[in-house]
Structure formats: C-alpha cells, structure tokens
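S.K.: Structure file start19.txt, compact mmCIF, C-alpha atoms and all ligand atoms, is pasted below:
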# COMPACT_ATOMS: atom_id res chain seq x y z
CA MET A 245 152.53 81.29 288.31
CA SER A 246 151.31 82.51 284.94
CA VAL A 247 148.26 84.27 286.35
CA ILE A 248 150.12 86.83 288.42
CA THR A 249 153.07 87.38 286.12
CA GLN A 250 150.82 88.17 283.18
CA PRO A 251 149.70 91.80 283.02
CA THR A 252 146.15 91.74 284.31
CA ASP A 253 143.20 92.71 282.17
CA LEU A 254 142.79 95.69 284.47
CA LEU A 255 146.31 96.96 283.79
CA ARG A 256 145.89 96.36 280.07
CA ALA A 257 142.68 98.37 280.04
CA GLN A 258 144.15 101.20 282.08
CA ASP A 259 147.73 101.35 280.81
CA PRO A 260 148.29 99.31 277.66
CA GLN A 261 151.76 100.81 277.21
CA MET A 262 152.99 99.46 280.55
CA ALA A 263 151.11 96.17 280.05
CA ASP A 264 153.07 95.68 276.83
CA ILE A 265 156.36 96.46 278.60
CA LEU A 266 155.62 93.92 281.36
CA ALA A 267 154.56 91.29 278.84
CA GLY A 268 157.74 91.94 276.87
CA GLU A 269 159.93 91.48 279.95
CA ARG A 270 158.14 88.28 280.87
CA GLN A 271 158.69 86.97 277.34
CA ARG A 272 162.37 88.06 277.44
CA GLN A 273 162.92 86.16 280.69
CA ALA A 274 161.08 83.06 279.48
CA GLY A 275 162.50 82.98 275.99
CA THR A 276 166.20 83.51 276.73
CA LEU A 277 168.63 81.71 279.04
CA GLN A 278 169.04 83.55 282.36
CA LEU A 279 172.61 82.87 283.44
CA SER A 280 173.26 86.04 285.45
CA ALA A 281 174.78 84.84 288.73
CA ALA A 282 172.76 87.51 290.55
CA GLU A 283 169.27 86.51 289.42
CA ASN A 284 166.68 83.83 290.02
CA PHE A 285 162.96 83.14 289.59
CA THR A 286 161.01 83.56 292.82
CA SER A 287 157.99 81.44 293.64
CA SER A 288 154.52 82.74 292.79
CA ALA A 289 153.92 83.05 296.57
CA VAL A 290 156.79 85.55 296.82
CA LEU A 291 155.52 87.50 293.79
CA ALA A 292 151.97 87.52 295.15
CA THR A 293 153.21 88.88 298.50
CA LEU A 294 155.04 91.69 296.70
CA GLY A 295 151.74 92.67 295.11
CA SER A 296 149.78 92.47 298.38
CA ALA A 297 148.05 95.18 300.45
CA LEU A 298 151.24 95.64 302.50
CA ALA A 299 152.63 97.53 299.49
CA ASN A 300 150.36 100.38 300.63
CA LYS A 301 151.52 100.40 304.25
CA TYR A 302 153.91 102.91 305.81
CA ALA A 303 155.79 101.53 308.83
CA GLU A 304 158.76 103.64 309.92
CA GLY A 305 160.60 102.14 312.89
CA TYR A 306 160.54 98.60 314.23
CA PRO A 307 157.76 96.25 315.42
CA GLY A 308 156.18 97.69 318.56
CA ALA A 309 157.91 101.07 318.03
CA ARG A 310 156.51 102.60 314.84
CA HIS A 311 156.01 106.21 313.90
CA HIS A 312 152.85 105.30 311.97
CA GLY A 313 149.52 103.97 313.15
CA GLY A 314 147.83 100.81 311.94
CA CYS A 315 150.97 98.69 312.01
CA GLU A 316 149.58 95.57 313.67
CA TYR A 317 149.89 93.40 310.55
CA ALA A 318 153.08 95.10 309.43
CA ASP A 319 154.56 94.23 312.83
CA LEU A 320 153.43 90.62 312.52
CA ALA A 321 154.97 90.40 309.04
CA GLU A 322 158.31 91.85 310.16
CA ARG A 323 158.48 89.73 313.33
CA THR A 324 157.79 86.65 311.22
CA ALA A 325 160.56 87.58 308.77
CA VAL A 326 163.03 88.23 311.60
CA GLU A 327 162.24 84.98 313.42
CA ARG A 328 162.48 82.95 310.21
CA ALA A 329 165.80 84.57 309.27
CA LYS A 330 167.24 83.92 312.74
CA ALA A 331 166.15 80.27 312.62
CA LEU A 332 167.31 79.73 309.03
CA PHE A 333 170.81 81.11 309.61
CA GLY A 334 171.27 80.34 313.32
CA ALA A 335 171.76 84.04 314.07
CA GLU A 336 170.98 85.79 317.36
CA HIS A 337 169.70 88.88 315.56
CA ALA A 338 168.38 89.72 312.09
CA ASN A 339 167.43 93.01 310.50
CA VAL A 340 165.29 92.46 307.40
CA GLN A 341 164.73 96.11 306.47
CA PRO A 342 167.65 96.92 304.11
CA HIS A 343 166.22 97.85 300.73
CA SER A 344 169.11 96.17 298.91
CA GLY A 345 172.44 94.44 299.37
CA SER A 346 174.21 97.80 299.06
CA SER A 347 171.98 99.32 301.76
CA ALA A 348 172.87 96.40 304.04
CA VAL A 349 176.62 96.90 303.50
CA LEU A 350 176.42 100.64 304.09
CA ALA A 351 174.41 100.04 307.27
CA ALA A 352 177.10 97.60 308.49
CA TYR A 353 179.71 100.33 307.95
CA ALA A 354 177.47 102.84 309.73
CA ALA A 355 177.14 100.45 312.68
CA LEU A 356 180.88 99.84 313.11
CA LEU A 357 182.84 102.70 311.54
CA ARG A 358 183.39 106.43 311.56
CA PRO A 359 184.18 108.46 308.41
CA GLY A 360 187.89 108.26 307.65
CA ASP A 361 188.38 104.78 309.15
CA THR A 362 190.56 102.32 307.28
CA VAL A 363 188.85 99.23 305.82
CA LEU A 364 190.50 96.22 304.19
CA ALA A 365 188.39 94.60 301.45
CA MET A 366 188.83 92.69 298.21
CA GLY A 367 190.02 95.18 295.58
CA LEU A 368 187.52 96.01 292.86
CA PRO A 369 189.78 94.67 290.06
CA TYR A 370 189.65 91.26 291.76
CA GLY A 371 185.92 91.08 292.41
CA GLY A 372 185.19 93.54 295.20
CA HIS A 373 181.74 95.18 295.00
CA LEU A 374 181.22 98.92 294.47
CA THR A 375 180.39 99.19 298.17
CA HIS A 376 183.86 97.82 298.99
CA GLY A 377 185.59 101.13 298.36
CA SER A 378 184.81 102.30 294.84
CA PRO A 379 185.50 106.06 294.53
CA ALA A 380 182.13 106.24 292.75
CA ASN A 381 180.40 104.93 295.90
CA LEU A 382 179.91 106.48 299.33
CA SER A 383 182.20 103.75 300.76
CA GLY A 384 185.21 104.94 298.76
CA ARG A 385 184.59 108.60 299.61
CA TRP A 386 183.98 108.26 303.34
CA PHE A 387 186.40 105.48 304.26
CA ASP A 388 190.01 104.74 303.48
CA PHE A 389 189.88 101.40 301.67
CA VAL A 390 192.88 99.16 301.15
CA GLY A 391 192.39 96.33 298.65
CA TYR A 392 193.57 92.74 298.87
CA GLY A 393 193.74 90.60 295.77
CA VAL A 394 193.87 86.99 294.73
CA ASP A 395 196.84 84.93 293.66
CA PRO A 396 197.08 85.62 289.88
CA ALA A 397 198.15 82.03 289.21
CA THR A 398 195.41 80.24 291.17
CA GLY A 399 192.72 82.93 291.43
CA LEU A 400 192.43 82.05 295.14
CA ILE A 401 192.47 84.54 298.03
CA ASP A 402 196.03 84.94 299.28
CA TYR A 403 195.50 84.87 303.06
CA ARG A 404 199.12 85.75 303.70
CA GLN A 405 198.64 88.96 301.70
CA VAL A 406 195.46 89.73 303.66
CA GLN A 407 197.40 89.25 306.89
CA ARG A 408 200.33 91.38 305.66
CA LEU A 409 198.02 94.23 304.64
CA ALA A 410 196.07 93.98 307.90
CA ARG A 411 199.28 94.21 309.94
CA ALA A 412 200.54 97.14 307.86
CA HIS A 413 197.30 99.19 307.76
CA ARG A 414 195.58 98.19 311.06
CA PRO A 415 192.05 98.50 309.55
CA LYS A 416 189.03 99.15 311.71
CA ALA A 417 187.16 96.51 309.70
CA ILE A 418 187.93 93.74 307.25
CA VAL A 419 185.35 92.92 304.58
CA CYS A 420 185.15 89.39 303.20
CA GLY A 421 182.93 89.09 300.13
CA SER A 422 182.96 89.39 296.37
CA ILE A 423 180.83 89.62 293.27
CA SER A 424 182.76 86.94 291.39
CA TYR A 425 184.78 84.70 293.73
CA PRO A 426 183.59 81.16 292.99
CA ARG A 427 185.11 79.43 296.04
CA HIS A 428 184.20 79.37 299.73
CA PRO A 429 186.19 82.01 301.63
CA GLU A 430 187.94 80.69 304.74
CA TYR A 431 185.92 82.62 307.30
CA SER A 432 188.03 81.28 310.18
CA ALA A 433 191.20 82.67 308.54
CA PHE A 434 189.56 86.08 308.14
CA ARG A 435 188.43 85.96 311.78
CA GLU A 436 191.93 85.14 312.99
CA ILE A 437 193.46 88.00 310.99
CA ALA A 438 190.78 90.44 312.18
CA ASP A 439 191.33 89.40 315.81
CA GLU A 440 195.09 89.76 315.49
CA VAL A 441 194.82 93.42 314.40
CA GLY A 442 191.73 94.30 316.47
CA ALA A 443 189.46 94.76 313.43
CA HIS A 444 185.77 94.01 313.01
CA LEU A 445 184.92 91.29 310.49
CA ILE A 446 182.11 92.10 308.05
CA VAL A 447 181.11 89.29 305.71
CA ASP A 448 179.29 90.47 302.60
CA ALA A 449 177.56 87.21 301.74
CA ALA A 450 175.34 88.71 299.02
CA HIS A 451 176.11 85.78 296.72
CA PRO A 452 176.61 82.69 298.91
CA ILE A 453 173.83 83.36 301.44
CA GLY A 454 171.29 81.29 299.48
CA LEU A 455 173.68 78.34 299.45
CA VAL A 456 174.25 78.81 303.19
CA ALA A 457 170.47 78.62 303.71
CA GLY A 458 170.38 75.29 301.87
CA GLY A 459 173.42 73.84 303.64
CA ALA A 460 175.44 73.92 300.41
CA ALA A 461 178.06 76.41 301.64
CA PRO A 462 179.71 77.09 305.01
CA SER A 463 178.04 79.72 307.17
CA PRO A 464 179.83 83.00 307.96
CA VAL A 465 177.47 83.64 310.90
CA PRO A 466 179.70 82.09 313.61
CA TYR A 467 182.72 84.12 312.44
CA ALA A 468 181.49 87.57 311.39
CA ASP A 469 180.58 90.51 313.60
CA ILE A 470 178.01 91.40 310.95
CA VAL A 471 176.85 89.43 307.90
CA CYS A 472 175.36 91.47 305.05
CA ALA A 473 173.29 89.71 302.41
CA THR A 474 170.89 90.05 299.54
CA THR A 475 167.64 88.08 299.45
CA HIS A 476 167.16 87.84 295.70
CA LYS A 477 170.00 85.75 294.33
CA VAL A 478 170.20 81.98 295.02
CA LEU A 479 167.95 82.58 298.05
CA ARG A 480 165.06 83.16 295.64
CA GLY A 481 163.36 85.92 297.59
CA PRO A 482 162.30 89.45 296.65
CA ARG A 483 164.90 92.10 295.72
CA GLY A 484 166.32 93.31 299.01
CA GLY A 485 168.92 92.97 301.73
CA MET A 486 169.32 91.82 305.32
CA LEU A 487 171.79 91.87 308.18
CA LEU A 488 172.65 89.11 310.66
CA CYS A 489 174.66 89.55 313.84
CA GLY A 490 175.04 88.59 317.47
CA THR A 491 173.09 90.26 320.29
CA GLU A 492 176.15 92.40 321.00
CA TYR A 493 175.72 94.36 317.75
CA ALA A 494 171.92 94.18 317.45
CA GLU A 495 171.11 97.68 318.62
CA ARG A 496 173.87 99.33 316.60
CA VAL A 497 172.78 97.45 313.48
CA ASP A 498 169.12 98.39 313.91
CA ARG A 499 169.92 102.05 314.45
CA ALA A 500 172.30 102.02 311.46
CA VAL A 501 169.43 100.88 309.21
CA PHE A 502 166.68 103.08 310.66
CA PRO A 503 166.90 106.00 311.16
CA PHE A 504 170.55 106.41 310.08
CA THR A 505 170.50 105.21 306.47
CA GLN A 506 166.87 104.39 305.64
CA GLY A 507 163.35 105.65 306.22
CA GLY A 508 160.13 103.65 306.13
CA ALA A 509 160.50 99.92 305.72
CA GLN A 510 159.07 98.28 302.60
CA MET A 511 156.57 96.03 304.31
CA HIS A 512 155.46 94.09 301.22
CA THR A 513 159.10 93.20 300.52
CA ILE A 514 159.70 92.24 304.15
CA ALA A 515 156.66 89.97 304.06
CA ALA A 516 157.95 88.46 300.80
CA LYS A 517 161.35 87.90 302.47
CA ALA A 518 159.52 85.97 305.20
CA VAL A 519 157.82 83.81 302.55
CA ALA A 520 161.19 83.11 300.90
CA PHE A 521 162.82 82.24 304.27
CA GLY A 522 159.94 79.84 304.92
CA GLU A 523 160.50 78.21 301.54
CA ALA A 524 164.26 78.02 302.11
CA ALA A 525 163.72 76.14 305.39
CA ARG A 526 162.07 73.22 303.53
CA PRO A 527 163.94 70.07 302.44
CA ALA A 528 163.12 70.82 298.78
CA TYR A 529 165.21 73.98 299.01
CA THR A 530 168.18 72.07 300.45
CA THR A 531 167.98 69.77 297.44
CA TYR A 532 167.73 72.80 295.18
CA ALA A 533 170.81 74.52 296.69
CA HIS A 534 172.93 71.37 296.26
CA ARG A 535 171.71 70.97 292.67
CA VAL A 536 172.68 74.58 291.92
CA VAL A 537 176.27 73.80 292.97
CA ALA A 538 176.37 70.45 291.16
CA HIS A 539 175.12 72.16 287.99
CA ALA A 540 177.71 74.94 288.26
CA ARG A 541 180.44 72.30 288.57
CA VAL A 542 179.20 70.46 285.49
CA LEU A 543 178.86 73.69 283.51
CA ALA A 544 182.34 74.89 284.57
CA GLY A 545 183.84 71.55 283.52
CA ALA A 546 182.03 71.60 280.18
CA LEU A 547 183.13 75.18 279.48
CA GLN A 548 186.72 74.14 280.19
CA GLU A 549 186.35 71.28 277.72
CA HIS A 550 185.20 73.84 275.15
CA GLY A 551 188.38 75.88 275.70
CA PHE A 552 187.30 78.52 278.24
CA THR A 553 189.69 79.31 281.06
CA VAL A 554 187.67 78.98 284.28
CA THR A 555 189.19 80.97 287.13
CA THR A 556 190.34 78.91 290.13
CA GLY A 557 189.86 75.86 287.89
CA GLY A 558 186.19 75.43 288.80
CA THR A 559 183.65 76.42 291.42
CA ASP A 560 182.27 75.50 294.85
CA THR A 561 179.20 77.69 294.41
CA HIS A 562 176.52 78.77 291.94
CA LEU A 563 178.97 81.11 290.26
CA ILE A 564 181.51 80.63 287.46
CA THR A 565 184.01 83.22 286.28
CA ALA A 566 185.42 82.38 282.86
CA ASP A 567 187.83 83.88 280.38
CA PRO A 568 186.79 83.31 276.74
CA ALA A 569 190.17 84.59 275.40
CA PRO A 570 191.28 81.12 274.22
CA LEU A 571 188.23 81.21 271.89
CA GLY A 572 189.47 84.47 270.40
CA VAL A 573 187.12 86.94 272.13
CA ASP A 574 187.18 89.07 275.28
CA GLY A 575 184.39 89.19 277.89
CA PRO A 576 182.40 92.13 276.48
CA THR A 577 182.48 90.68 272.93
CA ALA A 578 181.43 87.30 274.30
CA ARG A 579 178.55 88.83 276.22
CA GLY A 580 177.34 90.58 273.04
CA ARG A 581 177.50 87.47 270.87
CA LEU A 582 175.86 85.34 273.55
CA ALA A 583 173.11 87.93 274.00
CA ALA A 584 172.43 87.84 270.26
CA ALA A 585 171.95 84.08 270.64
CA GLY A 586 169.59 84.53 273.60
CA ILE A 587 172.08 83.75 276.37
CA VAL A 588 172.10 86.39 279.12
CA LEU A 589 175.07 86.80 281.48
CA ASP A 590 177.40 89.46 282.86
CA THR A 591 180.97 90.52 282.27
CA CYS A 592 183.37 90.72 285.20
CA ALA A 593 186.94 91.46 286.18
CA LEU A 594 189.45 88.63 285.87
CA PRO A 595 192.08 88.07 288.55
CA TYR A 596 194.94 88.78 286.14
CA GLY A 597 195.72 91.62 283.74
CA ASP A 598 193.18 94.14 282.48
CA GLN A 599 190.95 91.84 280.47
CA ARG A 600 187.33 91.24 281.37
CA GLY A 601 185.77 87.83 281.42
CA VAL A 602 182.22 86.56 281.85
CA ARG A 603 180.40 85.70 285.08
CA LEU A 604 177.54 83.26 285.07
CA GLY A 605 175.47 81.28 287.53
CA THR A 606 173.13 78.31 287.68
CA ALA A 607 170.49 79.50 290.18
CA ALA A 608 167.80 80.49 287.66
CA VAL A 609 168.18 77.60 285.21
CA THR A 610 168.10 75.16 288.15
CA THR A 611 164.86 76.74 289.39
CA GLN A 612 163.48 76.18 285.88
CA GLY A 613 164.15 72.47 286.34
CA MET A 614 167.18 72.07 284.09
CA GLY A 615 169.67 69.35 285.02
CA GLU A 616 173.23 68.26 284.33
CA ALA A 617 172.48 67.27 280.72
CA GLU A 618 171.21 70.80 280.02
CA MET A 619 174.41 72.28 281.52
CA VAL A 620 176.44 70.32 278.96
CA THR A 621 174.08 71.59 276.23
CA ILE A 622 174.47 75.17 277.45
CA ALA A 623 178.28 74.95 277.21
CA ALA A 624 177.96 73.73 273.62
CA LEU A 625 175.54 76.61 272.86
CA PHE A 626 178.16 79.05 274.20
CA THR A 627 180.78 77.74 271.81
CA ALA A 628 178.41 77.81 268.83
CA ALA A 629 177.32 81.38 269.64
CA LEU A 630 180.91 82.59 270.01
CA ALA A 631 181.84 80.93 266.72
CA GLY A 632 179.30 83.25 265.11
CA ASP A 633 176.51 80.74 264.69
CA GLY A 634 174.02 83.12 266.30
CA VAL A 635 170.83 82.35 264.34
CA LYS A 636 170.97 78.57 264.73
CA THR A 637 171.98 78.90 268.39
CA ARG A 638 169.13 81.34 269.05
CA LYS A 639 166.70 78.72 267.73
CA GLU A 640 168.19 76.02 269.97
CA VAL A 641 168.09 78.35 273.00
CA GLY A 642 164.41 78.95 272.24
CA GLU A 643 163.74 75.20 272.16
CA LEU A 644 165.58 74.69 275.45
CA THR A 645 163.79 77.48 277.30
CA MET A 646 160.43 76.35 275.91
CA ALA A 647 161.01 72.95 277.53
CA PHE A 648 161.62 74.60 280.95
CA PRO A 649 159.18 77.54 281.21
CA PRO A 650 159.92 79.64 284.31
CA TYR A 651 156.39 81.03 284.53
CA GLY A 652 154.43 78.00 283.48
CA GLU A 653 152.94 77.60 280.03
C1 LIG B 1 179.12 91.13 297.04
C2 LIG B 1 177.96 92.06 296.79
N1 LIG B 1 177.69 93.02 297.67
C3 LIG B 1 176.66 93.87 297.50
C4 LIG B 1 175.83 93.76 296.41
C5 LIG B 1 174.74 94.77 296.25
O1 LIG B 1 173.48 94.27 296.17
P1 LIG B 1 172.30 95.21 295.57
O2 LIG B 1 172.49 95.21 294.08
O3 LIG B 1 171.06 94.54 296.03
O4 LIG B 1 172.49 96.56 296.15
C6 LIG B 1 176.08 92.77 295.46
C7 LIG B 1 175.21 92.67 294.27
O5 LIG B 1 175.36 91.92 293.39
C8 LIG B 1 177.16 91.88 295.65
O6 LIG B 1 177.45 90.92 294.76
Would you write the structure of this file as structure tokens?

M.R.:
Amino acid sequence: MSVITQPTDLLRAQDPQMADILAGERQRQAGTLQLSAAENFTSSAVLATLGSALANKYAEGYPGARHHGGCEYADLAERTAVERAKALFGAEHANVQPHSGSSAVLAAYAALLRPGDTVLAMGLPYGGHLTHGSPANLSGRWFDFVGYGVDPATGLIDYRQVQRLARAHRPKAIVCGSISYPRHPEYSAFREIADEVGAHLIVDAAHPIGLVAGGAAPSPVPYADIVCATTHKVLRGPRGGMLLCGTEYAERVDRAVFPFTQGGAQMHTIAAKAVAFGEAARPAYTTYAHRVVAHARVLAGALQEHGFTVTTGGTDTHLITADPAPLGVDGPTARGRLAAAGIVLDTCALPYGDQRGVRLGTAAVTTQGMGEAEMVTIAALFTAALAGDGVKTRKEVGELTMAFPPYGE
C-alpha cells in the first residue's frame, strides 16, 4: 500500500507544499492510534480506484440514461457497484450515487416526505445525527422533527416512549439510527410502531452497515422502507453513501438522488464502492467484522475495569460510548489529553445530563491487525494519558502503532 499512499515524485516535483501536507497526514495516521468510530483504513485497491481515470469522467444520470457521452465504462462501473450492493445486503434495489451519508439521508427524506411533514427520530442529545432534525441542518428547517431518547438508567432505546410519541405525533416517517448507540436497534419493533401509525421506516445504518455486510449485526433491509448508509466506516470503502430499498421505492429513491438533490455522480468513488463491496463479500471480511465486535467488547470491558462508565454497560458493535467522569475529567478534556498522547477519538453526547463523553471504535485498529491483547493495552494507555502521563504514553503509542503499520513499512 505504501506506493500509492506516498506522495509521488511527480507531485513532489510539481507541488512540494501539498506533497508535504499529504506526507504529514500519512505520518499522523500511521503514528497515532485511530480510534474514531467513523474511520477505517481502506485497501490499496480501493485507494487506487479513487485515483483512477474515472476521476475525470462526468456521468450525470443513471447507467443507460446519461446526459454525457462516453459513459460505457462509467455505466459498467455503476452497474457493478449496484449489483454487488444488492447481493451483499440482499436488497432489491441499491443506489450507490450519494456523495455522503448525509446526502443519502436527505435523499431518503426527499423520496418519502414533503416539507413540513413530521418525523420521529432519535433526539440529538441522545445520539441523533445532524440530519435527524438539527436546526443547523436542512432536515430541522424543512421538517418538523420530534425526538425520542434512551432510558437514562440503561442507555437503551425506550421502545414504549417511541410508541407513545408515534401515537401522539403521527409522524410521516420514523428514523432509526444514531451516531453513538452501541447496541443493535430492534428493527422489528420500529417496523411495528411505524405500521401502527402509518409511518415510513427509514433506517440510517451509517454505522452498523459494515457489520451487517460481515454478518456481525442484524440487517435492517427486511424491515426498512429505505436504508441509508455510509461506505467508509466499518465497511472500509471510499468516503460516500448509498441507499437500499425494495422495488416499490426504487424509482422515488433514484429520482430523489438525481436530479433532486445531486448532480453528476462521482464515478471513481462509485467504482471504489464496488471494489469495497467485492472485498466485503469475501470470508476474510466476515472474520474481520466479527473481530471488530469482539475487540470492541474487550476494549469496553477493559475501560470499565479502569473506571470509565461505558454506556449501556458494553457494546454489540464496533462502537463504545464512555464517560470518563469517574477519572476526574469530562469528554472534551479527555479527548485533549488523549490527543496529546497520540490517541485520536471523538467526543459525543451522553444519554444523561449535559456532560459529554468520548466515542471510540475498533474498526481501524482491527484493520491494522491489532488483537484482544492490544485492546487491553489501549485501555491502560487511556488511563495513563488521562492521569497526565502524556510523554511516556506518547512513546508507548508510537511503539504500538509501529508494530501495526496501516500503510506498510
Ligand atoms: C448516523 C449517521 N448518519 C449520517 C451520517 C453522515 O455521514 P457523512 O458524514 O458521510 O455525511 C453519519 C456520520 O457519521 C452518521 O453517523
């Protein structure tokens, strides 16, 4: 992988400033611990596809119905991506054009809703995404969002509250999905509630979709009217989004993406999505997805032993939400001290009170080849970094990452 992630001699000769920036980012990724739950290291095949000739191709429309000429290979690439996505997720229809997870969610709304419609989604203070009704996002301005929460004692979705709110507000759609919920949602319960009040069910599976691909999480496809997803988290593809649905919604979904919310498709990214779907269909990926979950469980348990409060008491996924308050710091302070020690993660809302905690995930470190022993080491590094032992911890983080280079030597 090192060849294509190193700035090429050509780039260095032409633009040394940018070559230095790219080399710096590569070194940052390789020399620090990547524990953001949203990130991963793609294969060199995915990266190579992103840098292929398709990056220069314009292809507005869909295969066989493009506004631009010369789309024969673009069409082949998109058809391949669609067929692989359908096979991987057992879906009748796939749209692989959304530029991002947010674009996919907004297209799902465009397919099913009208401005002013009521939507029931996880409230932002509990882990809803910006596209689930934030006033700073188009979703919160154009739709009337009602938020459900989680039980403050258990951190688990309170399905009775979801049902109560659905009965009271009669939403046009219910959104199931979160940026920080570490457990499997009960898709059948959401479906039942949606059916009872005549609502559409949209599952925003941005986080779990990679585990679904590897058989390490239940699939929302049989339950949702539309599944929105990202392709760059556990799934290990290029940055982007996709939509899955039944034949019934296929046309509305396609029109909602192009021409309603997007223009020309990014063909190099679509081709790279196809490469990632192909990789995810292999047995090695199934093993990987199960290891990601096993590692998250070990890391969550070790963090608890070190005094962290882990929401819901653990995890079923790649994702852990933890409160470092018992160690005397809040989430933002913890993130700063960990960053100084070379440990990269995010802050997030906690299901109780106003405090922020930390959100971390095991997708990237598992791709690097780390195992359960390293998860125990990482938890100990957390505690040392939070205790103010930044310099020594930084050295140990450097040794650990050197043993598991994400881009080869
Ligand atoms: C639940 C959820 N929905 C949507 C998104 C948006 O994805 P993107 O950042 O690709 O727009 C995210 C991103 O993390 C997410 O977690």

S.K.: A:Pro568, A:Tyr493, A:Arg411, A:Ala647: which is nearest A:His550, counting only C-alpha atoms?

M.R.: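 Residue with the minimum atom-to-atom distance to A:His550: A:Pro568.
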
S.K.: Can you tell me, as a list of chain:residue names, what residues are no more than 8 Å from A:Ala518 when counting only C-alpha atoms, ignoring any on the same chain fewer than 2 positions away?

M.R.: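 Final neighbour list, sorted by chain and number: A:Ala321, A:Glu322, A:Thr324, A:Ala325, A:Val326, A:Arg328, A:Ala329, A:Ile514, A:Ala515, A:Ala516, A:Ala520, A:Phe521, A:Gly522.
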
S.K.: Could you jot down the atom CA of A:Ala569 to atom CA of A:Gly551 separation for me, Å, one decimal place?

M.R.: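 Here the two named atoms are 8.9 Å from each other.
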
S.K.: Could you tell me how far atom CA of A:Gly484 lies from atom CA of A:Ala352, in Å and to one decimal?

M.R.: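 These atoms are spaced 15.0 Å apart.
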
S.K.: Considering all atoms listed in the file, can you say which of A:Pro527, A:Gly586, A:Glu492, A:Leu547 comes closest to A:Leu356?

M.R.: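 Checking each of A:Pro527, A:Gly586, A:Glu492, A:Leu547 against A:Leu356, counting all atoms listed in the file, the winner is A:Glu492.
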
S.K.: Counting only C-alpha atoms and all ligand atoms, name the residues that have an atom within 7 Å of an atom of ligand LIG 1 (chain B); the answer should be given as a short mmCIF file (atom, residue, chain, number, x, y, z; two decimals) with C-alpha atoms, in the coordinates of the input.

M.R.:
data_model
loop_
_atom_site.label_atom_id
_atom_site.label_comp_id
_atom_site.auth_asym_id
_atom_site.auth_seq_id
_atom_site.Cartn_x
_atom_site.Cartn_y
_atom_site.Cartn_z
CA ALA A 282 172.76 87.51 290.55
CA SER A 344 169.11 96.17 298.91
CA GLY A 345 172.44 94.44 299.37
CA SER A 346 174.21 97.80 299.06
CA SER A 347 171.98 99.32 301.76
CA VAL A 349 176.62 96.90 303.50
CA GLY A 372 185.19 93.54 295.20
CA HIS A 373 181.74 95.18 295.00
CA THR A 375 180.39 99.19 298.17
CA GLY A 421 182.93 89.09 300.13
CA SER A 422 182.96 89.39 296.37
CA ILE A 423 180.83 89.62 293.27
CA ASP A 448 179.29 90.47 302.60
CA ALA A 449 177.56 87.21 301.74
CA ALA A 450 175.34 88.71 299.02
CA HIS A 451 176.11 85.78 296.72
CA THR A 474 170.89 90.05 299.54
CA ARG A 483 164.90 92.10 295.72
CA GLY A 484 166.32 93.31 299.01
CA GLY A 485 168.92 92.97 301.73
#

S.K.: Report as a short mmCIF file (atom, residue, chain, number, x, y, z; two decimals) with C-alpha atoms, in the coordinates of the input all protein, DNA and RNA residues lying within 10 Å of A:Gly314, evaluated on only C-alpha atoms, omitting residues in the same chain fewer than 5 positions from it.

M.R.:
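Saved result, out.cif, follows:
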data_model
loop_
_atom_site.label_atom_id
_atom_site.label_comp_id
_atom_site.auth_asym_id
_atom_site.auth_seq_id
_atom_site.Cartn_x
_atom_site.Cartn_y
_atom_site.Cartn_z
CA LYS A 301 151.52 100.40 304.25
CA TYR A 302 153.91 102.91 305.81
CA ALA A 303 155.79 101.53 308.83
CA ASP A 319 154.56 94.23 312.83
#

S.K.: Atom CA of A:His337 to atom CA of A:Tyr353: how many Å, to one decimal?

M.R.: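 According to the coordinates, atom CA of A:His337 and atom CA of A:Tyr353 are separated by 17.0 Å.
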
S.K.: Check the smallest atom-to-atom distance from each of A:Arg427, A:Arg581, A:Arg270, A:His512 to A:Leu320 using all atoms listed in the file, then report the winner.

M.R.: A:His512

S.K.: So that I can see what lies close to stretch 628-643 of chain A, please list as a list in words the residues with an atom at most 9 Å from it, counting all atoms listed in the file and leaving out residues fewer than 3 positions away in the same chain.

M.R.: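 Listing them by chain and then by number gives Ala274, Gly275, Thr276, Leu277, Pro568, Leu571, Gly572, Val573, Thr577, Ala578, Arg581, Leu582, Ala583, Ala584, Ala585, Gly586, Ile587, Ile622, Ala623, Ala624, Leu625, Met646 and Ala647 of chain A.
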
S.K.: Within 10 Å of A:Gly545, counting only C-alpha atoms, which residues show up once you throw out same-chain ones fewer than 5 positions away? Write them as a ChimeraX atom specification, please.

M.R.: /A:539-540,550,552,554,557-559,619-620,623
